[in-house]
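Colleague: One file is attached below, protein-v3.pdb, containing PDB, C-alpha atoms.
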```pdb
ATOM      1  CA  MET A 216      35.174-153.548  58.858
ATOM      2  CA  ASN A 217      32.137-151.969  60.424
ATOM      3  CA  LYS A 218      31.800-149.085  58.034
ATOM      4  CA  CYS A 219      28.320-148.601  56.654
ATOM      5  CA  SER A 220      28.732-147.724  53.029
ATOM      6  CA  ASN A 221      25.698-145.441  52.652
ATOM      7  CA  SER A 222      25.905-141.928  54.001
ATOM      8  CA  LYS A 223      23.349-141.429  56.735
ATOM      9  CA  MET A 224      20.566-138.936  57.190
ATOM     10  CA  ILE A 225      18.019-138.777  59.962
ATOM     11  CA  THR A 226      15.247-141.162  58.996
ATOM     12  CA  ALA A 227      11.648-141.561  60.135
ATOM     13  CA  LYS A 228      12.765-144.527  62.251
ATOM     14  CA  ASP A 229      15.329-142.276  63.961
ATOM     15  CA  LEU A 230      12.693-139.714  64.772
ATOM     16  CA  ALA A 231      10.505-142.493  66.186
ATOM     17  CA  VAL A 232      13.383-143.577  68.461
ATOM     18  CA  PHE A 233      13.930-139.950  69.529
ATOM     19  CA  PHE A 234      10.282-139.248  70.342
ATOM     20  CA  VAL A 235       9.692-142.580  72.079
ATOM     21  CA  ALA A 236      12.795-142.002  74.250
ATOM     22  CA  LEU A 237      11.729-138.400  74.889
ATOM     23  CA  VAL A 238       8.179-139.351  75.896
ATOM     24  CA  LEU A 239       9.470-142.136  78.177
ATOM     25  CA  ALA A 240      11.973-139.778  79.818
ATOM     26  CA  ALA A 241       9.373-137.025  80.212
ATOM     27  CA  VAL A 242       6.890-139.460  81.781
ATOM     28  CA  PHE A 243       9.690-140.702  84.054
ATOM     29  CA  CYS A 244      10.511-137.116  85.096
ATOM     30  CA  VAL A 245       6.903-136.034  85.631
ATOM     31  CA  GLY A 246       6.088-139.292  87.424
ATOM     32  CA  VAL A 247       9.016-139.038  89.806
ATOM     33  CA  TYR A 248       9.120-135.276  90.443
ATOM     34  CA  SER A 249       5.350-134.776  90.761
ATOM     35  CA  THR A 250       4.840-137.585  93.275
ATOM     36  CA  ALA A 251       8.131-137.800  95.178
ATOM     37  CA  PHE A 252       9.978-134.916  96.851
ATOM     38  CA  GLN A 253       6.763-133.104  97.823
ATOM     39  CA  THR A 254       7.212-133.206 101.598
ATOM     40  CA  ASN A 255       9.017-130.237 103.104
ATOM     41  CA  GLY A 256      12.080-131.387 104.985
ATOM     42  CA  ASN A 257      13.330-130.202 108.344
ATOM     43  CA  THR A 258      16.874-131.573 108.533
ATOM     44  CA  VAL A 259      19.937-131.180 106.347
ATOM     45  CA  ILE A 260      22.124-134.288 106.368
ATOM     46  CA  VAL A 261      25.681-133.915 105.110
ATOM     47  CA  THR A 262      27.519-137.171 104.435
ATOM     48  CA  THR A 263      31.265-137.006 103.908
ATOM     49  CA  GLN A 264      33.676-139.919 103.551
ATOM     50  CA  ASN A 265      34.243-140.073 107.300
ATOM     51  CA  GLU A 266      31.203-138.628 109.057
ATOM     52  CA  THR A 267      27.547-137.710 108.839
ATOM     53  CA  LEU A 268      26.407-134.312 110.099
ATOM     54  CA  SER A 269      22.883-132.984 110.636
ATOM     55  CA  PHE A 270      21.641-129.413 110.794
ATOM     56  CA  PRO A 271      18.121-128.077 111.327
ATOM     57  CA  LEU A 272      16.717-126.595 108.141
ATOM     58  CA  ASN A 273      14.724-123.893 109.943
ATOM     59  CA  GLU A 274      17.784-122.104 111.370
ATOM     60  CA  ASN A 275      19.633-119.759 109.065
ATOM     61  CA  ARG A 276      23.324-120.494 109.176
ATOM     62  CA  THR A 277      26.484-120.888 107.134
ATOM     63  CA  GLN A 278      28.461-124.018 107.896
ATOM     64  CA  THR A 279      31.850-125.103 106.646
ATOM     65  CA  ILE A 280      32.263-128.837 106.082
ATOM     66  CA  GLU A 281      35.856-130.028 106.170
ATOM     67  CA  ASP A 282      36.948-133.592 105.611
ATOM     68  CA  GLY A 283      40.622-134.129 104.895
ATOM     69  CA  ASP A 284      41.471-132.076 101.835
ATOM     70  CA  SER A 285      37.784-131.550 101.073
ATOM     71  CA  ALA A 286      36.172-128.282 102.062
ATOM     72  CA  LEU A 287      32.700-127.075 101.281
ATOM     73  CA  GLU A 288      30.477-124.351 102.682
ATOM     74  CA  ILE A 289      26.713-124.767 102.908
ATOM     75  CA  GLN A 290      24.262-121.957 103.484
ATOM     76  CA  ILE A 291      20.931-122.671 105.142
ATOM     77  CA  GLU A 292      18.536-119.807 104.584
ATOM     78  CA  ASN A 293      14.739-119.526 104.678
ATOM     79  CA  GLY A 294      14.228-123.295 104.844
ATOM     80  CA  GLU A 295      16.527-123.997 101.888
ATOM     81  CA  VAL A 296      20.096-125.200 101.664
ATOM     82  CA  ARG A 297      22.620-124.598  98.942
ATOM     83  CA  VAL A 298      26.358-124.942  98.530
ATOM     84  CA  SER A 299      27.840-121.446  98.646
ATOM     85  CA  SER A 300      31.438-122.434  97.985
ATOM     86  CA  SER A 301      33.534-125.515  97.409
ATOM     87  CA  ASN A 302      37.162-126.202  96.629
ATOM     88  CA  CYS A 303      36.282-128.884  94.071
ATOM     89  CA  ARG A 304      37.290-128.490  90.451
ATOM     90  CA  GLY A 305      33.957-128.827  88.665
ATOM     91  CA  GLN A 306      31.857-126.558  90.944
ATOM     92  CA  ASP A 307      28.743-128.553  89.969
ATOM     93  CA  CYS A 308      27.619-128.505  93.621
ATOM     94  CA  VAL A 309      27.852-124.699  93.785
ATOM     95  CA  HIS A 310      25.779-124.391  90.610
ATOM     96  CA  SER A 311      23.155-126.851  91.867
ATOM     97  CA  PRO A 312      19.865-125.192  92.822
ATOM     98  CA  ALA A 313      18.919-124.805  96.510
ATOM     99  CA  ILE A 314      16.986-127.743  97.963
ATOM    100  CA  SER A 315      14.268-127.790 100.617
ATOM    101  CA  ARG A 316      12.147-130.916 100.204
ATOM    102  CA  ALA A 317      12.694-134.338 101.717
ATOM    103  CA  GLY A 318      14.705-136.598  99.423
ATOM    104  CA  GLN A 319      16.304-133.817  97.380
ATOM    105  CA  VAL A 320      20.047-134.083  96.948
ATOM    106  CA  ILE A 321      23.103-131.971  96.172
ATOM    107  CA  LEU A 322      26.192-133.972  95.311
ATOM    108  CA  CYS A 323      29.799-132.875  95.226
ATOM    109  CA  ALA A 324      31.179-135.900  93.378
ATOM    110  CA  PRO A 325      34.877-134.915  93.363
ATOM    111  CA  GLN A 326      34.878-134.488  97.163
ATOM    112  CA  ARG A 327      32.396-137.316  97.744
ATOM    113  CA  ILE A 328      30.127-135.105  99.860
ATOM    114  CA  LEU A 329      26.386-135.712  99.701
ATOM    115  CA  ILE A 330      23.848-133.217 101.043
ATOM    116  CA  THR A 331      20.318-134.531 101.478
ATOM    117  CA  ILE A 332      17.135-133.222 103.054
ATOM    118  CA  SER A 333      15.294-135.391 105.502
ATOM    119  CA  SER A 334      11.877-135.004 107.068
ATOM    120  CA  THR A 335      12.667-136.858 110.269
ATOM    121  CA  SER A 336      11.142-135.313 113.372
ATOM    122  CA  ALA A 337      14.463-134.353 114.959
ATOM    123  CA  PRO A 338      18.072-134.341 113.809
ATOM    124  CA  ASP A 339      20.138-137.265 115.125
ATOM    125  CA  ALA A 340      23.085-135.098 115.974
ATOM    126  CA  VAL A 341      23.100-131.343 115.681
ATOM    127  CA  VAL A 342      26.466-129.815 115.041
ATOM    128  CA  SER A 343      26.788-126.264 116.150
TER     129      SER A 343
ATOM    130  CA  MET B 238      52.787-151.639  58.499
ATOM    131  CA  ARG B 239      49.035-152.129  58.779
ATOM    132  CA  ARG B 240      49.382-152.736  62.536
ATOM    133  CA  SER B 241      51.452-149.622  63.117
ATOM    134  CA  SER B 242      49.015-147.586  61.055
ATOM    135  CA  SER B 243      46.133-148.807  63.266
ATOM    136  CA  LEU B 244      48.138-147.984  66.368
ATOM    137  CA  ALA B 245      48.906-144.491  65.111
ATOM    138  CA  ARG B 246      45.233-143.895  64.268
ATOM    139  CA  LEU B 247      44.220-145.125  67.728
ATOM    140  CA  ALA B 248      46.734-142.786  69.375
ATOM    141  CA  ALA B 249      45.452-139.871  67.290
ATOM    142  CA  LEU B 250      41.857-140.674  68.254
ATOM    143  CA  LEU B 251      42.831-140.899  71.937
ATOM    144  CA  CYS B 252      44.501-137.480  71.719
ATOM    145  CA  LEU B 253      41.357-136.134  70.070
ATOM    146  CA  CYS B 254      39.218-137.638  72.874
ATOM    147  CA  LEU B 255      41.357-136.065  75.581
ATOM    148  CA  GLY B 256      41.507-132.719  73.791
ATOM    149  CA  ILE B 257      37.729-132.683  73.432
ATOM    150  CA  SER B 258      37.321-133.652  77.122
ATOM    151  CA  ALA B 259      39.582-130.756  78.133
ATOM    152  CA  LEU B 260      37.629-128.353  75.930
ATOM    153  CA  GLU B 261      34.349-129.593  77.383
ATOM    154  CA  ASN B 262      35.639-129.102  80.940
ATOM    155  CA  LEU B 263      36.591-125.543  80.032
ATOM    156  CA  LEU B 264      33.157-124.931  78.522
ATOM    157  CA  LEU B 265      31.431-126.331  81.611
ATOM    158  CA  SER B 266      33.407-124.053  83.909
ATOM    159  CA  ALA B 267      32.483-121.062  81.719
ATOM    160  CA  VAL B 268      28.808-121.998  81.270
ATOM    161  CA  PRO B 269      27.616-123.673  84.480
ATOM    162  CA  ILE B 270      24.751-126.170  84.183
ATOM    163  CA  PRO B 271      22.501-126.478  87.268
ATOM    164  CA  VAL B 272      22.144-130.247  86.862
ATOM    165  CA  PRO B 273      25.257-132.068  88.127
ATOM    166  CA  GLY B 274      26.597-134.692  85.762
ATOM    167  CA  VAL B 275      25.100-133.225  82.581
ATOM    168  CA  LYS B 276      27.708-133.031  79.857
ATOM    169  CA  LEU B 277      27.645-132.917  76.098
ATOM    170  CA  GLY B 278      29.874-135.986  76.044
ATOM    171  CA  LEU B 279      31.658-134.824  72.906
ATOM    172  CA  SER B 280      34.366-137.445  73.345
ATOM    173  CA  ASN B 281      31.641-140.043  72.873
ATOM    174  CA  LEU B 282      31.524-138.864  69.268
ATOM    175  CA  VAL B 283      35.110-140.075  68.791
ATOM    176  CA  ILE B 284      34.208-143.432  70.362
ATOM    177  CA  LEU B 285      31.172-143.796  68.092
ATOM    178  CA  PHE B 286      33.415-142.890  65.168
ATOM    179  CA  SER B 287      35.930-145.591  66.128
ATOM    180  CA  LEU B 288      33.127-148.142  66.547
ATOM    181  CA  THR B 289      32.074-147.342  62.997
ATOM    182  CA  TYR B 290      35.385-146.912  61.218
ATOM    183  CA  GLU B 291      37.741-149.034  63.321
ATOM    184  CA  LYS B 292      37.473-152.441  64.994
ATOM    185  CA  PRO B 293      35.193-152.618  68.075
ATOM    186  CA  SER B 294      38.262-153.471  70.156
ATOM    187  CA  ALA B 295      39.715-150.067  69.216
ATOM    188  CA  ALA B 296      36.605-148.355  70.602
ATOM    189  CA  TRP B 297      36.921-150.302  73.849
ATOM    190  CA  ILE B 298      40.626-149.456  74.227
ATOM    191  CA  LEU B 299      39.839-145.837  73.422
ATOM    192  CA  MET B 300      37.008-145.627  75.970
ATOM    193  CA  LEU B 301      38.986-147.299  78.772
ATOM    194  CA  SER B 302      42.093-145.183  78.104
ATOM    195  CA  ARG B 303      40.068-141.991  77.797
ATOM    196  CA  CYS B 304      38.223-142.600  81.105
ATOM    197  CA  THR B 305      41.421-143.393  82.991
ATOM    198  CA  ILE B 306      43.572-140.583  81.593
ATOM    199  CA  SER B 307      40.744-138.052  81.766
ATOM    200  CA  ALA B 308      40.077-138.905  85.432
ATOM    201  CA  LEU B 309      43.785-138.536  86.195
ATOM    202  CA  LEU B 310      43.996-135.195  84.406
ATOM    203  CA  PHE B 311      40.643-133.562  85.195
ATOM    204  CA  GLY B 312      38.930-135.595  87.908
ATOM    205  CA  ASN B 313      39.506-138.111  90.659
ATOM    206  CA  VAL B 314      38.610-141.664  91.682
ATOM    207  CA  SER B 315      34.876-141.073  92.056
ATOM    208  CA  THR B 316      34.585-139.346  88.675
ATOM    209  CA  LEU B 317      36.555-142.277  87.211
ATOM    210  CA  TRP B 318      33.815-144.706  88.350
ATOM    211  CA  PHE B 319      31.102-142.518  86.846
ATOM    212  CA  SER B 320      32.780-142.248  83.463
ATOM    213  CA  LEU B 321      34.022-145.856  83.456
ATOM    214  CA  LEU B 322      30.671-147.495  84.195
ATOM    215  CA  GLY B 323      28.891-144.991  81.947
ATOM    216  CA  GLY B 324      31.423-145.617  79.169
ATOM    217  CA  VAL B 325      31.222-149.406  79.423
ATOM    218  CA  CYS B 326      27.407-149.387  79.235
ATOM    219  CA  SER B 327      27.471-146.826  76.437
ATOM    220  CA  VAL B 328      29.961-148.716  74.218
ATOM    221  CA  LEU B 329      28.159-151.989  74.940
ATOM    222  CA  VAL B 330      24.772-150.724  73.736
ATOM    223  CA  MET B 331      26.240-148.735  70.826
ATOM    224  CA  GLN B 332      28.161-151.796  69.619
ATOM    225  CA  ALA B 333      24.968-153.840  69.850
ATOM    226  CA  SER B 334      22.927-151.190  68.024
ATOM    227  CA  ILE B 335      25.400-150.385  65.199
ATOM    228  CA  PRO B 336      23.783-153.109  62.993
ATOM    229  CA  LEU B 337      20.575-151.022  63.133
ATOM    230  CA  THR B 338      22.268-148.615  60.698
ATOM    231  CA  ARG B 339      21.761-151.269  58.007
ATOM    232  CA  HIS B 340      18.028-151.414  58.755
ATOM    233  CA  GLY B 341      16.800-147.876  58.192
ATOM    234  CA  PHE B 342      18.253-146.230  61.284
ATOM    235  CA  SER B 343      21.148-143.786  61.305
ATOM    236  CA  TYR B 344      23.822-142.924  63.861
ATOM    237  CA  PHE B 345      21.274-140.534  65.359
ATOM    238  CA  SER B 346      19.496-143.526  66.956
ATOM    239  CA  VAL B 347      22.753-145.277  67.858
ATOM    240  CA  SER B 348      23.969-142.153  69.632
ATOM    241  CA  ILE B 349      20.696-141.714  71.572
ATOM    242  CA  ILE B 350      20.831-145.384  72.633
ATOM    243  CA  GLY B 351      24.495-144.925  73.624
ATOM    244  CA  SER B 352      23.629-141.845  75.656
ATOM    245  CA  ILE B 353      20.840-143.693  77.478
ATOM    246  CA  GLY B 354      23.339-146.501  78.137
ATOM    247  CA  PHE B 355      25.775-143.949  79.553
ATOM    248  CA  GLN B 356      23.113-142.546  81.900
ATOM    249  CA  ILE B 357      22.246-146.046  83.115
ATOM    250  CA  GLY B 358      25.931-146.821  83.788
ATOM    251  CA  GLN B 359      26.405-143.485  85.506
ATOM    252  CA  GLY B 360      23.283-144.148  87.597
ATOM    253  CA  ILE B 361      24.656-147.546  88.682
ATOM    254  CA  ALA B 362      27.960-145.896  89.682
ATOM    255  CA  ALA B 363      26.081-143.198  91.626
ATOM    256  CA  VAL B 364      24.018-145.769  93.532
ATOM    257  CA  LEU B 365      27.109-147.873  94.287
ATOM    258  CA  LEU B 366      29.020-144.841  95.568
ATOM    259  CA  TYR B 367      26.300-142.795  97.270
ATOM    260  CA  GLY B 368      23.283-145.055  97.777
ATOM    261  CA  PHE B 369      19.769-144.701  96.434
ATOM    262  CA  ALA B 370      19.372-141.061  97.583
ATOM    263  CA  ILE B 371      21.246-139.982  94.475
ATOM    264  CA  LEU B 372      18.527-141.427  92.210
ATOM    265  CA  TYR B 373      16.870-137.993  92.651
ATOM    266  CA  TRP B 374      18.898-136.697  89.696
ATOM    267  CA  ILE B 375      18.470-139.729  87.422
ATOM    268  CA  PRO B 376      15.210-138.792  85.593
ATOM    269  CA  LEU B 377      16.588-135.360  84.720
ATOM    270  CA  LEU B 378      19.934-136.798  83.584
ATOM    271  CA  PHE B 379      18.045-139.322  81.482
ATOM    272  CA  LEU B 380      16.047-136.539  79.784
ATOM    273  CA  CYS B 381      19.130-134.379  79.142
ATOM    274  CA  GLY B 382      20.997-137.439  77.844
ATOM    275  CA  ILE B 383      18.465-137.887  75.048
ATOM    276  CA  PHE B 384      19.091-134.354  73.775
ATOM    277  CA  THR B 385      22.887-134.607  74.019
ATOM    278  CA  GLY B 386      22.758-138.035  72.347
ATOM    279  CA  ALA B 387      20.609-136.611  69.541
ATOM    280  CA  LEU B 388      23.033-133.715  69.031
ATOM    281  CA  LEU B 389      26.027-136.057  68.826
ATOM    282  CA  GLY B 390      24.053-138.325  66.493
ATOM    283  CA  ILE B 391      23.493-135.420  64.087
ATOM    284  CA  CYS B 392      27.250-134.653  64.215
ATOM    285  CA  MET B 393      28.084-138.304  63.529
ATOM    286  CA  ASN B 394      25.691-138.406  60.563
ATOM    287  CA  LEU B 395      27.338-135.289  59.119
ATOM    288  CA  MET B 396      30.800-136.777  59.672
ATOM    289  CA  ASP B 397      29.730-140.016  58.026
ATOM    290  CA  ARG B 398      28.486-138.151  54.965
ATOM    291  CA  ARG B 399      31.807-136.301  54.684
ATOM    292  CA  PHE B 400      33.784-139.506  55.070
ATOM    293  CA  ALA B 401      31.621-141.288  52.517
ATOM    294  CA  LYS B 402      32.462-138.518  50.025
ATOM    295  CA  LEU B 403      36.154-138.750  50.852
ATOM    296  CA  LYS B 404      35.983-142.557  50.484
ATOM    297  CA  VAL B 405      38.201-142.972  53.536
ATOM    298  CA  LYS B 406      39.945-146.309  53.722
ATOM    299  CA  THR B 407      39.308-148.018  57.028
ATOM    300  CA  GLU B 408      40.185-151.251  58.793
TER     301      GLU B 408
END
```
Just give me the structure of the file as structure tokens.
Modeller:
Amino acid sequence: MNKCSNSKMITAKDLAVFFVALVLAAVFCVGVYSTAFQTNGNTVIVTTQNETLSFPLNENRTQTIEDGDSALEIQIENGEVRVSSSNCRGQDCVHSPAISRAGQVILCAPQRILITISSTSAPDAVVS
Amino acid sequence: MRRSSSLARLAALLCLCLGISALENLLLSAVPIPVPGVKLGLSNLVILFSLTYEKPSAAWILMLSRCTISALLFGNVSTLWFSLLGGVCSVLVMQASIPLTRHGFSYFSVSIIGSIGFQIGQGIAAVLLYGFAILYWIPLLFLCGIFTGALLGICMNLMDRRFAKLKVKTE
């Protein structure tokens, strides 16, 4: 029997755990997001289960990515890319904010499609 | 008799888990969150409950069954890995931290620790499936996880107080 007999309230020790975790997470966030992801990218890299596609970030375009049953549409506009539509169930990728800096990521987990921004000098393979 | 009663309770808790998961999926589709992977994790409340009121093995069975059935009903293979690795890490750290409730901590802390464990497990699954690029989201998920863990911890404390008043007989 694991039941703790006393009814529980939030204690001072609990609040200490909460604030320590919160401070650590905030430092982690500030540390990572203020130092990394500051370089503007120039290439959108879309990785599906079977292929990797690259598109220049400075050309406005709407591109449909199809891979088996997976289908997703990305919109590149004003140096930013976002997912405009997807046939996945959760729609997390569609609700993700637009990305523009090297290292930033949009993930469509159900369709296993990863969209990243790279700052390489030229795309490896431009799909038109 | 005792065995069948445990089995029935486990089945009821599993149904509750799945029902809560379905409700959460509905809520997420109605109120989109711009950070992928952020969930309230309400079904974790049922698992924390079973860790407290049932045997630890019941919590493990519940978590594994919930992840599998939930992925079959609402997700797919990749979401199964996220929830499975997250769930394993979460139950592991919650089971280890339950004794803290006898040393001045409440389920609030246990739930926060469990939520951090879930984020770590989910992060491992993300790296295994998509490589290190996906670590971009981890700090934000970690931060959100503390708030969702705290919220579930408050719910668990309230539930525990109610159950203490009812003097519920457990395993």
Colleague: List every protein, DNA or RNA residue that has an atom no more than 12 Å from (6.7, -135.8, 87.0) in the file's coordinate frame, counting only C-alpha atoms, and report them as a list of chain:residue names.
Modeller: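 Residues close enough to count: A:Val238, A:Leu239, A:Ala240, A:Ala241, A:Val242, A:Phe243, A:Cys244, A:Val245, A:Gly246, A:Val247, A:Tyr248, A:Ser249, A:Thr250, A:Ala251, A:Phe252, A:Gln253, B:Tyr373, B:Pro376, B:Leu377, B:Leu380.
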Colleague: Report, in Å with one decimal, the straight-line distance from CA of Ile350 (chain B) to CA of Ala227 (chain A).
Modeller: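 Between CA of Ile350 (chain B) and CA of Ala227 (chain A) the gap is 16.0 Å.
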Colleague: Mind running chain A against chain B at 10 Å and telling me each contacting residue's nearest atom pair with the distance in Å (one decimal), counting all atoms listed in the file, chain and number ascending, as JSON lines?
Modeller:
```
{"residue": "A:Met216", "atom": "CA", "partner": "B:Glu408", "partner_atom": "CA", "distance": 5.5}
{"residue": "A:Asn217", "atom": "CA", "partner": "B:Thr289", "partner_atom": "CA", "distance": 5.3}
{"residue": "A:Lys218", "atom": "CA", "partner": "B:Tyr290", "partner_atom": "CA", "distance": 5.3}
{"residue": "A:Cys219", "atom": "CA", "partner": "B:Arg339", "partner_atom": "CA", "distance": 7.2}
{"residue": "A:Ser220", "atom": "CA", "partner": "B:Ala401", "partner_atom": "CA", "distance": 7.1}
{"residue": "A:Asn221", "atom": "CA", "partner": "B:Ala401", "partner_atom": "CA", "distance": 7.2}
{"residue": "A:Ser222", "atom": "CA", "partner": "B:Arg398", "partner_atom": "CA", "distance": 4.7}
{"residue": "A:Lys223", "atom": "CA", "partner": "B:Asn394", "partner_atom": "CA", "distance": 5.4}
{"residue": "A:Met224", "atom": "CA", "partner": "B:Asn394", "partner_atom": "CA", "distance": 6.2}
{"residue": "A:Ile225", "atom": "CA", "partner": "B:Ser343", "partner_atom": "CA", "distance": 6.1}
{"residue": "A:Thr226", "atom": "CA", "partner": "B:Phe342", "partner_atom": "CA", "distance": 6.3}
{"residue": "A:Ala227", "atom": "CA", "partner": "B:Phe342", "partner_atom": "CA", "distance": 8.2}
{"residue": "A:Lys228", "atom": "CA", "partner": "B:Phe342", "partner_atom": "CA", "distance": 5.8}
{"residue": "A:Asp229", "atom": "CA", "partner": "B:Ser346", "partner_atom": "CA", "distance": 5.3}
{"residue": "A:Leu230", "atom": "CA", "partner": "B:Ser346", "partner_atom": "CA", "distance": 8.1}
{"residue": "A:Ala231", "atom": "CA", "partner": "B:Ser346", "partner_atom": "CA", "distance": 9.1}
{"residue": "A:Val232", "atom": "CA", "partner": "B:Ser346", "partner_atom": "CA", "distance": 6.3}
{"residue": "A:Phe233", "atom": "CA", "partner": "B:Ser346", "partner_atom": "CA", "distance": 7.1}
{"residue": "A:Phe234", "atom": "CA", "partner": "B:Ile383", "partner_atom": "CA", "distance": 9.5}
{"residue": "A:Ala236", "atom": "CA", "partner": "B:Ile383", "partner_atom": "CA", "distance": 7.1}
{"residue": "A:Leu237", "atom": "CA", "partner": "B:Ile383", "partner_atom": "CA", "distance": 6.8}
{"residue": "A:Val238", "atom": "CA", "partner": "B:Leu380", "partner_atom": "CA", "distance": 9.2}
{"residue": "A:Leu239", "atom": "CA", "partner": "B:Leu380", "partner_atom": "CA", "distance": 8.8}
{"residue": "A:Ala240", "atom": "CA", "partner": "B:Leu380", "partner_atom": "CA", "distance": 5.2}
{"residue": "A:Ala241", "atom": "CA", "partner": "B:Leu380", "partner_atom": "CA", "distance": 6.7}
{"residue": "A:Val242", "atom": "CA", "partner": "B:Pro376", "partner_atom": "CA", "distance": 9.2}
{"residue": "A:Phe243", "atom": "CA", "partner": "B:Pro376", "partner_atom": "CA", "distance": 6.0}
{"residue": "A:Cys244", "atom": "CA", "partner": "B:Pro376", "partner_atom": "CA", "distance": 5.0}
{"residue": "A:Val245", "atom": "CA", "partner": "B:Pro376", "partner_atom": "CA", "distance": 8.8}
{"residue": "A:Gly246", "atom": "CA", "partner": "B:Pro376", "partner_atom": "CA", "distance": 9.3}
{"residue": "A:Val247", "atom": "CA", "partner": "B:Pro376", "partner_atom": "CA", "distance": 7.5}
{"residue": "A:Tyr248", "atom": "CA", "partner": "B:Tyr373", "partner_atom": "CA", "distance": 8.5}
{"residue": "A:Ala251", "atom": "CA", "partner": "B:Tyr373", "partner_atom": "CA", "distance": 9.1}
{"residue": "A:Phe252", "atom": "CA", "partner": "B:Tyr373", "partner_atom": "CA", "distance": 8.6}
{"residue": "A:Thr262", "atom": "CA", "partner": "B:Tyr367", "partner_atom": "CA", "distance": 9.2}
{"residue": "A:Cys303", "atom": "CA", "partner": "B:Gly312", "partner_atom": "CA", "distance": 9.5}
{"residue": "A:Arg304", "atom": "CA", "partner": "B:Gly312", "partner_atom": "CA", "distance": 7.7}
{"residue": "A:Gly305", "atom": "CA", "partner": "B:Ser266", "partner_atom": "CA", "distance": 6.8}
{"residue": "A:Gln306", "atom": "CA", "partner": "B:Ser266", "partner_atom": "CA", "distance": 7.6}
{"residue": "A:Asp307", "atom": "CA", "partner": "B:Pro273", "partner_atom": "CA", "distance": 5.3}
{"residue": "A:Cys308", "atom": "CA", "partner": "B:Pro273", "partner_atom": "CA", "distance": 7.0}
{"residue": "A:Val309", "atom": "CA", "partner": "B:Pro271", "partner_atom": "CA", "distance": 8.6}
{"residue": "A:His310", "atom": "CA", "partner": "B:Pro271", "partner_atom": "CA", "distance": 5.1}
{"residue": "A:Ser311", "atom": "CA", "partner": "B:Pro271", "partner_atom": "CA", "distance": 4.7}
{"residue": "A:Pro312", "atom": "CA", "partner": "B:Pro271", "partner_atom": "CA", "distance": 6.3}
{"residue": "A:Gly318", "atom": "CA", "partner": "B:Ala370", "partner_atom": "CA", "distance": 6.7}
{"residue": "A:Gln319", "atom": "CA", "partner": "B:Tyr373", "partner_atom": "CA", "distance": 6.3}
{"residue": "A:Val320", "atom": "CA", "partner": "B:Ile371", "partner_atom": "CA", "distance": 6.5}
{"residue": "A:Ile321", "atom": "CA", "partner": "B:Pro273", "partner_atom": "CA", "distance": 8.3}
{"residue": "A:Leu322", "atom": "CA", "partner": "B:Pro273", "partner_atom": "CA", "distance": 7.5}
{"residue": "A:Cys323", "atom": "CA", "partner": "B:Pro273", "partner_atom": "CA", "distance": 8.5}
{"residue": "A:Ala324", "atom": "CA", "partner": "B:Ser315", "partner_atom": "CA", "distance": 6.5}
{"residue": "A:Pro325", "atom": "CA", "partner": "B:Asn313", "partner_atom": "CA", "distance": 6.2}
{"residue": "A:Gln326", "atom": "CA", "partner": "B:Ser315", "partner_atom": "CA", "distance": 8.3}
{"residue": "A:Arg327", "atom": "CA", "partner": "B:Ser315", "partner_atom": "CA", "distance": 7.3}
{"residue": "A:Ile328", "atom": "CA", "partner": "B:Tyr367", "partner_atom": "CA", "distance": 9.0}
{"residue": "A:Leu329", "atom": "CA", "partner": "B:Tyr367", "partner_atom": "CA", "distance": 7.5}
{"residue": "A:Ile330", "atom": "CA", "partner": "B:Ala370", "partner_atom": "CA", "distance": 9.7}
{"residue": "A:Thr331", "atom": "CA", "partner": "B:Ala370", "partner_atom": "CA", "distance": 7.7}
{"residue": "A:Ile332", "atom": "CA", "partner": "B:Ala370", "partner_atom": "CA", "distance": 9.8}
```
Colleague: Quick one: of B:Leu309, B:Leu299, B:Leu277, B:Val330, who's nearest to Ala249 (chain B), counting only C-alpha atoms?
Modeller: B:Leu299
Colleague: Please determine, counting only C-alpha atoms, which residue among A:Thr258, A:Ser315, A:Thr263, A:Arg276 has the shortest atom-to-atom distance to Glu295 (chain A).
Modeller: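 The answer is A:Ser315, which sits nearest to Glu295 (chain A).
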Colleague: With only C-alpha atoms as the counted atoms, please give the residues lying no more than 8 Å from region 277-290 of chain A, apart from itself and same-chain residues fewer than 6 positions off, as a PDB file with C-alpha atoms, in the coordinates of the input.
Modeller:
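Resulting contents of selection-v3.pdb:
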```pdb
ATOM      1  CA  THR A 263      31.265-137.006 103.908  1.00  0.00           C
ATOM      2  CA  GLN A 264      33.676-139.919 103.551  1.00  0.00           C
ATOM      3  CA  ASN A 265      34.243-140.073 107.300  1.00  0.00           C
ATOM      4  CA  VAL A 296      20.096-125.200 101.664  1.00  0.00           C
ATOM      5  CA  ARG A 297      22.620-124.598  98.942  1.00  0.00           C
ATOM      6  CA  VAL A 298      26.358-124.942  98.530  1.00  0.00           C
ATOM      7  CA  SER A 299      27.840-121.446  98.646  1.00  0.00           C
ATOM      8  CA  SER A 300      31.438-122.434  97.985  1.00  0.00           C
ATOM      9  CA  SER A 301      33.534-125.515  97.409  1.00  0.00           C
ATOM     10  CA  ASN A 302      37.162-126.202  96.629  1.00  0.00           C
ATOM     11  CA  CYS A 303      36.282-128.884  94.071  1.00  0.00           C
ATOM     12  CA  GLN A 326      34.878-134.488  97.163  1.00  0.00           C
TER      13      GLN A 326
END
```
Colleague: Here's the selection I'm unsure about, the PyMOL selection byres ((chain A and resi 294) around 8); applied to the file above, which residues does it give, as number ranges by chain?
Modeller: A: 257, 272-275, 291-293, 295-296, 315
Colleague: What would the selection look like, as a PyMOL selection string, if the PyMOL selection byres ((chain B and resi 283) around 10) were run on the coordinates I just shared?
Modeller: chain B and resi 250-251+253-254+257+278-282+284-289+296+299-300+389+393
Colleague: Expressed in Å to a single decimal, how great is the separation between CA of Leu322 (chain B) and CA of Gly354 (chain B)?
Modeller: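 Answer for the CA of Leu322 (chain B) to CA of Gly354 (chain B) separation: 9.6 Å.
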